[in-house]
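Listing of entry.txt; format and content: compact mmCIF, C-alpha atoms and all ligand atoms.
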# COMPACT_ATOMS: atom_id res chain seq x y z
CA MET A 1 -4.88 3.24 -7.37
CA VAL A 2 -6.36 6.19 -9.24
CA PRO A 3 -5.73 9.52 -7.56
CA ALA A 4 -8.81 11.46 -6.44
CA SER A 5 -8.63 13.52 -9.61
CA GLY A 6 -9.09 10.34 -11.67
CA ARG A 7 -5.93 11.17 -13.63
CA GLN A 8 -3.48 8.42 -14.34
CA GLU A 9 0.10 9.28 -13.48
CA ILE A 10 2.22 7.46 -16.02
CA ALA A 11 5.96 7.52 -16.57
CA LEU A 12 6.49 7.50 -20.32
CA PRO A 13 9.51 5.76 -21.82
CA LYS A 14 12.09 7.72 -23.79
CA ARG A 15 11.75 7.23 -27.52
CA PRO A 16 14.69 4.88 -28.08
CA ASP A 17 13.30 2.49 -25.46
CA TYR A 18 10.31 1.17 -27.38
CA GLY A 19 11.74 -2.32 -27.34
CA ILE A 20 10.52 -2.88 -30.85
CA GLN A 21 13.56 -3.95 -32.80
CA ALA A 22 14.30 -7.23 -31.11
CA THR A 23 10.65 -8.22 -31.01
CA MET A 24 10.00 -7.45 -34.66
CA ARG A 25 13.08 -9.28 -35.85
CA LYS A 26 12.22 -12.22 -33.68
CA THR A 27 8.64 -12.51 -34.89
CA ASN A 28 9.37 -11.30 -38.44
CA ASN A 29 5.83 -10.00 -38.71
CA THR A 30 4.76 -6.98 -40.70
CA LEU A 31 2.08 -4.84 -39.22
CA SER A 32 -0.87 -4.53 -41.55
CA THR A 33 -3.77 -3.38 -39.40
CA ILE A 34 -4.09 -0.55 -36.90
CA ALA A 35 -7.20 -0.19 -34.74
CA PHE A 36 -8.08 2.94 -32.83
CA ASP A 37 -10.25 3.59 -29.84
CA ALA A 38 -12.56 6.58 -30.27
CA ASP A 39 -13.49 8.32 -26.99
CA ASP A 40 -10.55 10.30 -25.56
CA THR A 41 -8.28 8.85 -28.24
CA LEU A 42 -9.73 10.54 -31.33
CA TRP A 43 -12.04 13.03 -29.63
CA GLU A 44 -12.89 14.45 -26.22
CA ASN A 45 -15.44 12.48 -24.24
CA GLU A 46 -14.76 12.03 -20.55
CA GLN A 47 -14.62 15.76 -19.89
CA PHE A 48 -18.31 16.04 -20.84
CA PHE A 49 -19.21 13.29 -18.39
CA ARG A 50 -17.29 15.13 -15.67
CA LEU A 51 -19.00 18.43 -16.40
CA THR A 52 -22.39 16.74 -16.27
CA GLN A 53 -21.38 14.94 -13.10
CA GLN A 54 -20.56 18.29 -11.47
CA ARG A 55 -23.97 19.60 -12.51
CA PHE A 56 -25.51 16.49 -10.97
CA PHE A 57 -23.67 17.10 -7.67
CA ASP A 58 -24.96 20.69 -7.64
CA LEU A 59 -28.54 19.51 -8.19
CA LEU A 60 -28.31 17.24 -5.14
CA ALA A 61 -26.22 19.58 -2.98
CA ASP A 62 -29.02 19.94 -0.42
CA HIS A 63 -29.02 16.17 0.17
CA SER A 64 -25.38 15.04 0.24
CA SER A 65 -21.75 15.98 -0.40
CA PRO A 66 -20.17 15.67 -3.87
CA ASP A 67 -17.81 12.95 -2.60
CA LYS A 68 -20.65 10.80 -1.29
CA ILE A 69 -22.78 11.34 -4.39
CA TYR A 70 -19.78 10.49 -6.58
CA GLY A 71 -19.17 7.24 -4.70
CA ASN A 72 -22.84 6.35 -4.95
CA LEU A 73 -22.99 7.20 -8.66
CA LEU A 74 -19.84 5.20 -9.46
CA GLU A 75 -21.20 2.12 -7.71
CA THR A 76 -24.54 2.50 -9.50
CA GLU A 77 -22.77 2.82 -12.85
CA ARG A 78 -20.66 -0.25 -12.11
CA LYS A 79 -23.76 -2.25 -11.21
CA ASN A 80 -25.69 -1.01 -14.24
CA LEU A 81 -23.03 -1.77 -16.86
CA SER A 82 -24.39 -5.28 -17.25
CA TYR A 83 -27.89 -3.88 -17.83
CA TYR A 84 -27.33 -0.80 -19.98
CA GLY A 85 -23.75 -1.09 -21.28
CA TYR A 86 -21.50 1.94 -21.78
CA GLY A 87 -22.47 5.44 -22.80
CA ILE A 88 -24.69 8.40 -22.09
CA LYS A 89 -27.99 6.53 -21.78
CA GLY A 90 -26.66 4.26 -19.07
CA PHE A 91 -25.03 7.23 -17.34
CA THR A 92 -28.32 9.15 -17.36
CA LEU A 93 -30.22 6.20 -15.91
CA SER A 94 -27.54 5.78 -13.26
CA MET A 95 -27.83 9.47 -12.32
CA LEU A 96 -31.62 9.06 -11.95
CA GLU A 97 -31.17 5.95 -9.81
CA THR A 98 -28.52 7.67 -7.67
CA ALA A 99 -30.78 10.70 -7.20
CA LEU A 100 -33.53 8.39 -5.91
CA GLU A 101 -31.10 6.80 -3.46
CA VAL A 102 -29.49 10.03 -2.27
CA THR A 103 -32.87 11.66 -1.61
CA GLY A 104 -34.38 8.57 -0.01
CA GLY A 105 -36.87 8.34 -2.85
CA ASP A 106 -37.95 11.95 -2.49
CA VAL A 107 -36.34 13.37 -5.60
CA SER A 108 -38.18 16.36 -7.06
CA SER A 109 -39.60 16.40 -10.57
CA HIS A 110 -37.37 19.43 -11.20
CA VAL A 111 -34.21 17.44 -10.40
CA MET A 112 -35.35 14.48 -12.51
CA SER A 113 -36.12 16.74 -15.42
CA GLU A 114 -32.72 18.48 -15.10
CA ILE A 115 -30.94 15.12 -15.12
CA LEU A 116 -32.74 14.05 -18.28
CA LYS A 117 -31.96 17.42 -19.84
CA ALA A 118 -28.27 17.08 -18.92
CA GLY A 119 -28.17 13.66 -20.61
CA ARG A 120 -29.76 15.03 -23.78
CA GLU A 121 -27.32 17.93 -23.83
CA MET A 122 -24.42 15.48 -23.76
CA HIS A 123 -25.84 13.88 -26.89
CA ASP A 124 -26.12 17.32 -28.50
CA HIS A 125 -22.59 18.44 -27.67
CA PRO A 126 -20.37 19.10 -30.70
CA VAL A 127 -17.50 16.68 -31.28
CA ASN A 128 -14.05 18.05 -30.49
CA THR A 129 -11.36 15.96 -32.17
CA LEU A 130 -8.06 15.84 -30.32
CA PRO A 131 -5.04 17.71 -31.73
CA GLY A 132 -3.26 16.04 -34.65
CA VAL A 133 -5.72 13.15 -35.01
CA GLY A 134 -6.80 13.99 -38.57
CA ASP A 135 -3.21 14.48 -39.77
CA THR A 136 -2.12 11.23 -38.14
CA LEU A 137 -4.90 9.19 -39.74
CA ASP A 138 -4.16 10.89 -43.06
CA LYS A 139 -0.54 9.71 -42.91
CA LEU A 140 -1.53 6.13 -42.10
CA ALA A 141 -4.52 5.67 -44.42
CA GLY A 142 -3.56 3.74 -47.53
CA HIS A 143 -0.53 2.20 -45.82
CA TYR A 144 -2.42 0.18 -43.23
CA ARG A 145 -5.93 -1.12 -42.76
CA ILE A 146 -7.48 1.30 -40.28
CA VAL A 147 -10.22 0.09 -37.94
CA LEU A 148 -12.25 1.95 -35.34
CA ILE A 149 -13.15 -0.05 -32.23
CA THR A 150 -15.35 1.64 -29.68
CA LYS A 151 -17.89 0.77 -27.05
CA GLY A 152 -20.80 2.96 -26.02
CA ASP A 153 -24.19 3.83 -27.39
CA LEU A 154 -24.45 2.85 -31.05
CA PHE A 155 -26.49 5.94 -31.91
CA ASP A 156 -24.16 8.34 -30.11
CA GLN A 157 -20.94 6.82 -31.47
CA GLU A 158 -22.31 6.95 -35.02
CA ARG A 159 -23.21 10.60 -34.48
CA LYS A 160 -19.77 11.47 -33.15
CA LEU A 161 -18.01 9.67 -35.98
CA ALA A 162 -20.13 11.49 -38.56
CA GLN A 163 -19.54 14.88 -36.91
CA SER A 164 -15.81 14.25 -36.53
CA GLY A 165 -15.34 14.07 -40.29
CA LEU A 166 -12.93 11.16 -39.75
CA GLY A 167 -15.20 8.39 -41.03
CA ASP A 168 -13.56 8.04 -44.46
CA TYR A 169 -10.23 7.10 -42.92
CA PHE A 170 -11.60 3.84 -41.55
CA ASP A 171 -11.78 0.59 -43.48
CA ALA A 172 -14.02 -0.87 -40.78
CA ILE A 173 -15.96 0.37 -37.76
CA GLU A 174 -16.81 -1.86 -34.83
CA ILE A 175 -19.08 -0.57 -32.08
CA VAL A 176 -18.96 -3.32 -29.49
CA SER A 177 -20.65 -3.88 -26.15
CA GLU A 178 -17.41 -4.87 -24.40
CA LYS A 179 -13.73 -4.69 -25.31
CA GLU A 180 -12.54 -8.14 -24.36
CA THR A 181 -9.63 -10.24 -25.58
CA SER A 182 -11.96 -12.39 -27.69
CA VAL A 183 -13.38 -9.27 -29.34
CA TYR A 184 -9.92 -8.12 -30.40
CA GLN A 185 -9.06 -11.60 -31.65
CA ARG A 186 -12.19 -11.63 -33.80
CA ILE A 187 -11.65 -8.12 -35.19
CA PHE A 188 -7.94 -8.66 -35.89
CA ASP A 189 -8.83 -11.89 -37.73
CA GLN A 190 -11.81 -10.43 -39.55
CA TYR A 191 -10.29 -7.16 -40.79
CA GLY A 192 -6.57 -7.82 -40.55
CA ASP A 193 -4.14 -10.67 -40.87
CA GLY A 194 -4.56 -11.91 -37.33
CA PRO A 195 -3.41 -10.46 -34.00
CA LYS A 196 0.31 -10.83 -34.74
CA LYS A 197 0.05 -8.26 -37.52
CA SER A 198 -2.38 -5.97 -35.72
CA MET A 199 -2.14 -3.05 -33.31
CA MET A 200 -4.63 -1.32 -31.03
CA VAL A 201 -4.15 2.32 -30.05
CA GLY A 202 -6.13 3.90 -27.22
CA ASN A 203 -6.24 5.88 -23.99
CA SER A 204 -7.49 3.06 -21.76
CA LEU A 205 -5.08 0.40 -20.54
CA LYS A 206 -8.03 -1.67 -19.36
CA SER A 207 -10.17 -1.54 -22.50
CA ASP A 208 -7.80 -0.80 -25.35
CA VAL A 209 -4.32 -1.99 -24.50
CA ILE A 210 -4.38 -5.01 -22.17
CA PRO A 211 -7.01 -7.10 -24.01
CA ALA A 212 -5.33 -6.34 -27.36
CA LEU A 213 -2.00 -7.50 -25.92
CA GLU A 214 -3.66 -10.61 -24.50
CA ALA A 215 -5.08 -11.29 -27.96
CA GLY A 216 -1.48 -11.32 -29.28
CA GLY A 217 -1.45 -7.90 -30.92
CA TRP A 218 0.44 -4.71 -30.25
CA GLY A 219 -1.06 -2.43 -27.60
CA VAL A 220 -0.22 1.28 -27.77
CA HIS A 221 -1.27 3.44 -24.86
CA VAL A 222 -1.82 7.14 -25.53
CA PRO A 223 -2.86 8.53 -22.15
CA HIS A 224 -5.50 11.25 -21.91
CA THR A 225 -5.67 13.66 -19.01
CA SER A 226 -9.15 12.33 -18.17
CA THR A 227 -9.87 8.63 -18.03
CA TRP A 228 -13.00 7.17 -16.47
CA GLU A 229 -12.30 5.49 -13.13
CA LEU A 230 -14.07 2.31 -14.21
CA ASP A 231 -11.75 2.18 -17.24
CA TYR A 232 -8.61 2.22 -15.13
CA ALA A 233 -6.03 -0.57 -14.90
CA ASP A 234 -2.43 -0.85 -13.76
CA ARG A 235 0.28 -0.85 -16.40
CA PRO A 236 0.64 -4.31 -17.94
CA GLU A 237 3.82 -6.23 -17.20
CA GLY A 238 5.64 -8.75 -19.34
CA PHE A 239 4.32 -7.77 -22.77
CA THR A 240 7.03 -6.89 -25.31
CA ARG A 241 4.34 -5.45 -27.59
CA PHE A 242 3.21 -2.87 -25.03
CA LEU A 243 4.14 0.67 -26.10
CA GLU A 244 3.36 4.12 -24.78
CA LEU A 245 3.20 7.41 -26.62
CA THR A 246 2.72 10.90 -25.24
CA SER A 247 0.76 11.91 -28.34
CA ILE A 248 -1.04 10.12 -31.15
CA THR A 249 0.97 12.31 -33.52
CA ASP A 250 4.07 10.26 -32.62
CA LEU A 251 2.49 7.11 -34.06
CA PRO A 252 3.66 7.44 -37.72
CA ALA A 253 7.29 7.84 -36.61
CA LEU A 254 6.94 4.81 -34.36
CA LEU A 255 5.50 2.77 -37.23
CA GLU A 256 8.37 3.79 -39.53
CA THR A 257 10.73 2.32 -37.00
CA LEU A 258 8.75 -0.91 -37.07
CA SER A 259 8.78 -1.10 -40.86
CA GLU A 260 12.49 -0.35 -41.18
CA ASP A 261 13.41 -2.96 -38.64
CA ASP A 262 11.21 -5.55 -40.26
CA ALA A 263 12.56 -5.00 -43.78
MG MG A 301 -11.23 5.77 -24.84
This structure in structure tokens:
Amino acid sequence: MVPASGRQEIALPKRPDYGIQATMRKTNNTLSTIAFDADDTLWENEQFFRLTQQRFFDLLADHSSPDKIYGNLLETERKNLSYYGYGIKGFTLSMLETALEVTGGDVSSHVMSEILKAGREMHDHPVNTLPGVGDTLDKLAGHYRIVLITKGDLFDQERKLAQSGLGDYFDAIEIVSEKETSVYQRIFDQYGDGPKKSMMVGNSLKSDVIPALEAGGWGVHVPHTSTWELDYADRPEGFTRFLELTSITDLPALLETLSEDDA
């Protein structure tokens, strides 16, 4: 279960316990391709949704409590994923729909206009890259094929990538509608040397780590303090290629261990 705060409480392994050596020797594979998630892995994202969500609760404070509005909004978002996909546009439409429900269809034009404005302001927000991301990518570029795999609005993700200044580090960029096992299989085959020689790094166990593991690749979880409740999953069990890091800046050292053991 996710605590009310939405934060995932995760016990991280000590560094020597990665469980890499035996696996790498056994498979005798050399890692050639590393894929990264974008939102809350390379740059801040969820915090802007939460700030907007709070603003949304305030707008509807005369009609219902934040807890009830939150529950209503989450269910509306869940239902709407199959219609609008991930990202700010779908979130904005879900806020509008929730406002109609919470007010019994009597939502004011002021509230509707504020919701639309809040959605636009999310699109306008500057990109804040997370600490050490640029240095980490700089160390890895040229040694591995680097791929960006993200879901969300195409337009918004392209904007964030451009503003982040990180675009040149990536050999390929995939903005997908859903992060499923088959998607990772395709991307690892298309841009790498297959799943066995590929790794996915991200903050979401559900979207980044578990389907990449199921595809046969490495799955590296780098938790963020904020992870969307609909992107939550329990820790995977039984995968020797599942790794956890406290910071993305620990990745180069982890990869050196892999290379040394494989040599
Ligand atoms: Mg993410």
Contacts with ligand MG 301 (chain A) at most 7 Å, only C-alpha atoms and all ligand atoms counted, listed as a list in words: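 Using only C-alpha atoms and all ligand atoms, I find these residues within 7 Å of ligand MG 301 (chain A): Asp37, Ala38, Asp39, Asp40, Thr41, Gly202, Asn203 and Ser204 of chain A.
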Neighbour list for range 219-228 of chain A as a ChimeraX atom specification, cut-off 7 Å, only C-alpha atoms, skip fewer than 5 positions in-chain: /A:6-7,40,46-47,199-205,209-210,212-213,241-248
6 Å contact set for Val147 in chain A, all atoms listed in the file, chain neighbours under 2 positions out, as a PDB file with C-alpha atoms, keeping the file's coordinate frame:
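Dumped to out.pdb:
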ATOM      1  CA  ALA A  35      -7.200  -0.190 -34.740  1.00  0.00           C
ATOM      2  CA  PHE A 170     -11.600   3.840 -41.550  1.00  0.00           C
ATOM      3  CA  ASP A 171     -11.780   0.590 -43.480  1.00  0.00           C
ATOM      4  CA  ALA A 172     -14.020  -0.870 -40.780  1.00  0.00           C
ATOM      5  CA  ILE A 173     -15.960   0.370 -37.760  1.00  0.00           C
TER       6      ILE A 173
END
Do a neighbour search on Asp189 in chain A at 12 Å with all atoms listed in the file, toss out local chain neighbours closer than 4 positions, and write the hits as a list of chain:residue names. A:Ser32, A:Thr33, A:Ser182, A:Val183, A:Tyr184, A:Gln185, A:Asp193, A:Gly194, A:Pro195, A:Lys196, A:Lys197, A:Ser198, A:Met199, A:Ala215, A:Gly216, A:Gly217
One decimal, in Å: what's the spacing between CA of Leu116 in chain A and CA of Leu60 in chain A?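 Taking CA of Leu116 in chain A as the start and CA of Leu60 in chain A as the end point, the length is 14.2 Å.
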Report the distance between CA of His63 in chain A and CA of Ala118 in chain A in Å, rounded to one decimal place. 19.1 Å
Nearby residues (all atoms listed in the file) at most 6 Å from Trp43 in chain A, same-chain spacing under 5 positions excluded, as a list of chain:residue names: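 Everything that qualifies: A:Asn128, A:Thr129, A:Leu130.
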Output for the residues just chosen: C-alpha atoms as a short mmCIF file (atom, residue, chain, number, x, y, z; two decimals), keeping the file's coordinate frame:
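Generated file (result_2.cif):
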data_model
loop_
_atom_site.label_atom_id
_atom_site.label_comp_id
_atom_site.auth_asym_id
_atom_site.auth_seq_id
_atom_site.Cartn_x
_atom_site.Cartn_y
_atom_site.Cartn_z
CA ASN A 128 -14.05 18.05 -30.49
CA THR A 129 -11.36 15.96 -32.17
CA LEU A 130 -8.06 15.84 -30.32
#
Excluding same-chain residues fewer than 6 positions from range 153-169 of chain A, what lies within 9 Å of it counting all atoms listed in the file, as a compact mmCIF listing (two decimals) with C-alpha atoms, keeping the file's coordinate frame?
# COMPACT_ATOMS: atom_id res chain seq x y z
CA ALA A 38 -12.56 6.58 -30.27
CA ASP A 39 -13.49 8.32 -26.99
CA LEU A 42 -9.73 10.54 -31.33
CA TRP A 43 -12.04 13.03 -29.63
CA GLY A 85 -23.75 -1.09 -21.28
CA TYR A 86 -21.50 1.94 -21.78
CA GLY A 87 -22.47 5.44 -22.80
CA ILE A 88 -24.69 8.40 -22.09
CA LYS A 89 -27.99 6.53 -21.78
CA GLY A 90 -26.66 4.26 -19.07
CA HIS A 123 -25.84 13.88 -26.89
CA PRO A 126 -20.37 19.10 -30.70
CA VAL A 127 -17.50 16.68 -31.28
CA ASN A 128 -14.05 18.05 -30.49
CA THR A 129 -11.36 15.96 -32.17
CA VAL A 133 -5.72 13.15 -35.01
CA GLY A 134 -6.80 13.99 -38.57
CA LEU A 137 -4.90 9.19 -39.74
CA ASP A 138 -4.16 10.89 -43.06
CA LEU A 140 -1.53 6.13 -42.10
CA ALA A 141 -4.52 5.67 -44.42
CA GLY A 142 -3.56 3.74 -47.53
CA ILE A 146 -7.48 1.30 -40.28
CA VAL A 147 -10.22 0.09 -37.94
CA ILE A 175 -19.08 -0.57 -32.08
CA VAL A 176 -18.96 -3.32 -29.49
CA SER A 177 -20.65 -3.88 -26.15
When you draw a straight line from CA of Lys139 in chain A to CA of Gln190 in chain A, how long is it in Å? 23.3 Å
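Minimum atom-to-atom distance to Lys179 in chain A, evaluated using only C-alpha atoms, belongs to A:Gly152 out of A:Gly192, A:Thr136, A:Gly152, A:Thr103.
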At most 9 Å is the cut-off: for each residue in range 86-148 of chain A with any atom that close to an atom of range 49-59 of chain A, write down the nearest atom pair and the distance in Å rounded to one decimal, counting all atoms listed in the file, chain first then increasing number, as a Markdown table.
| residue | atom | partner | partner_atom | distance |
| --- | --- | --- | --- | --- |
| A:Ile88 | CA | A:Phe49 | CA | 8.2 |
| A:Phe91 | CA | A:Phe49 | CA | 8.5 |
| A:Met95 | CA | A:Phe56 | CA | 7.5 |
| A:Ala99 | CA | A:Phe56 | CA | 8.7 |
| A:Val111 | CA | A:Leu59 | CA | 6.4 |
| A:Glu114 | CA | A:Leu59 | CA | 8.1 |
| A:Ile115 | CA | A:Phe56 | CA | 7.0 |
| A:Ala118 | CA | A:Thr52 | CA | 6.5 |
| A:Gly119 | CA | A:Thr52 | CA | 7.9 |
| A:Met122 | CA | A:Phe49 | CA | 7.8 |
With all atoms listed in the file as the atoms that count, which of A:Leu93, A:Leu100, A:Val107, A:Ile69 lies nearest to Arg120 in chain A?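 Smallest separation from Arg120 in chain A among the options: A:Leu93.
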Could you put an axis-aligned box around every listed atom of range 103-106 of chain A, padded by 4 Å on each side, and send me its centre and edge lengths in Å to one decimal, as lines of an AutoDock Vina configuration file?
center_x = -35.4
center_y = 10.1
center_z = -1.4
size_x = 13.1
size_y = 11.6
size_z = 10.8
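Closest approach to Asn80 in chain A from the set A:Lys68, A:Asn45, A:Thr98, A:Thr181 is made by A:Thr98, with distances taken over all atoms listed in the file.
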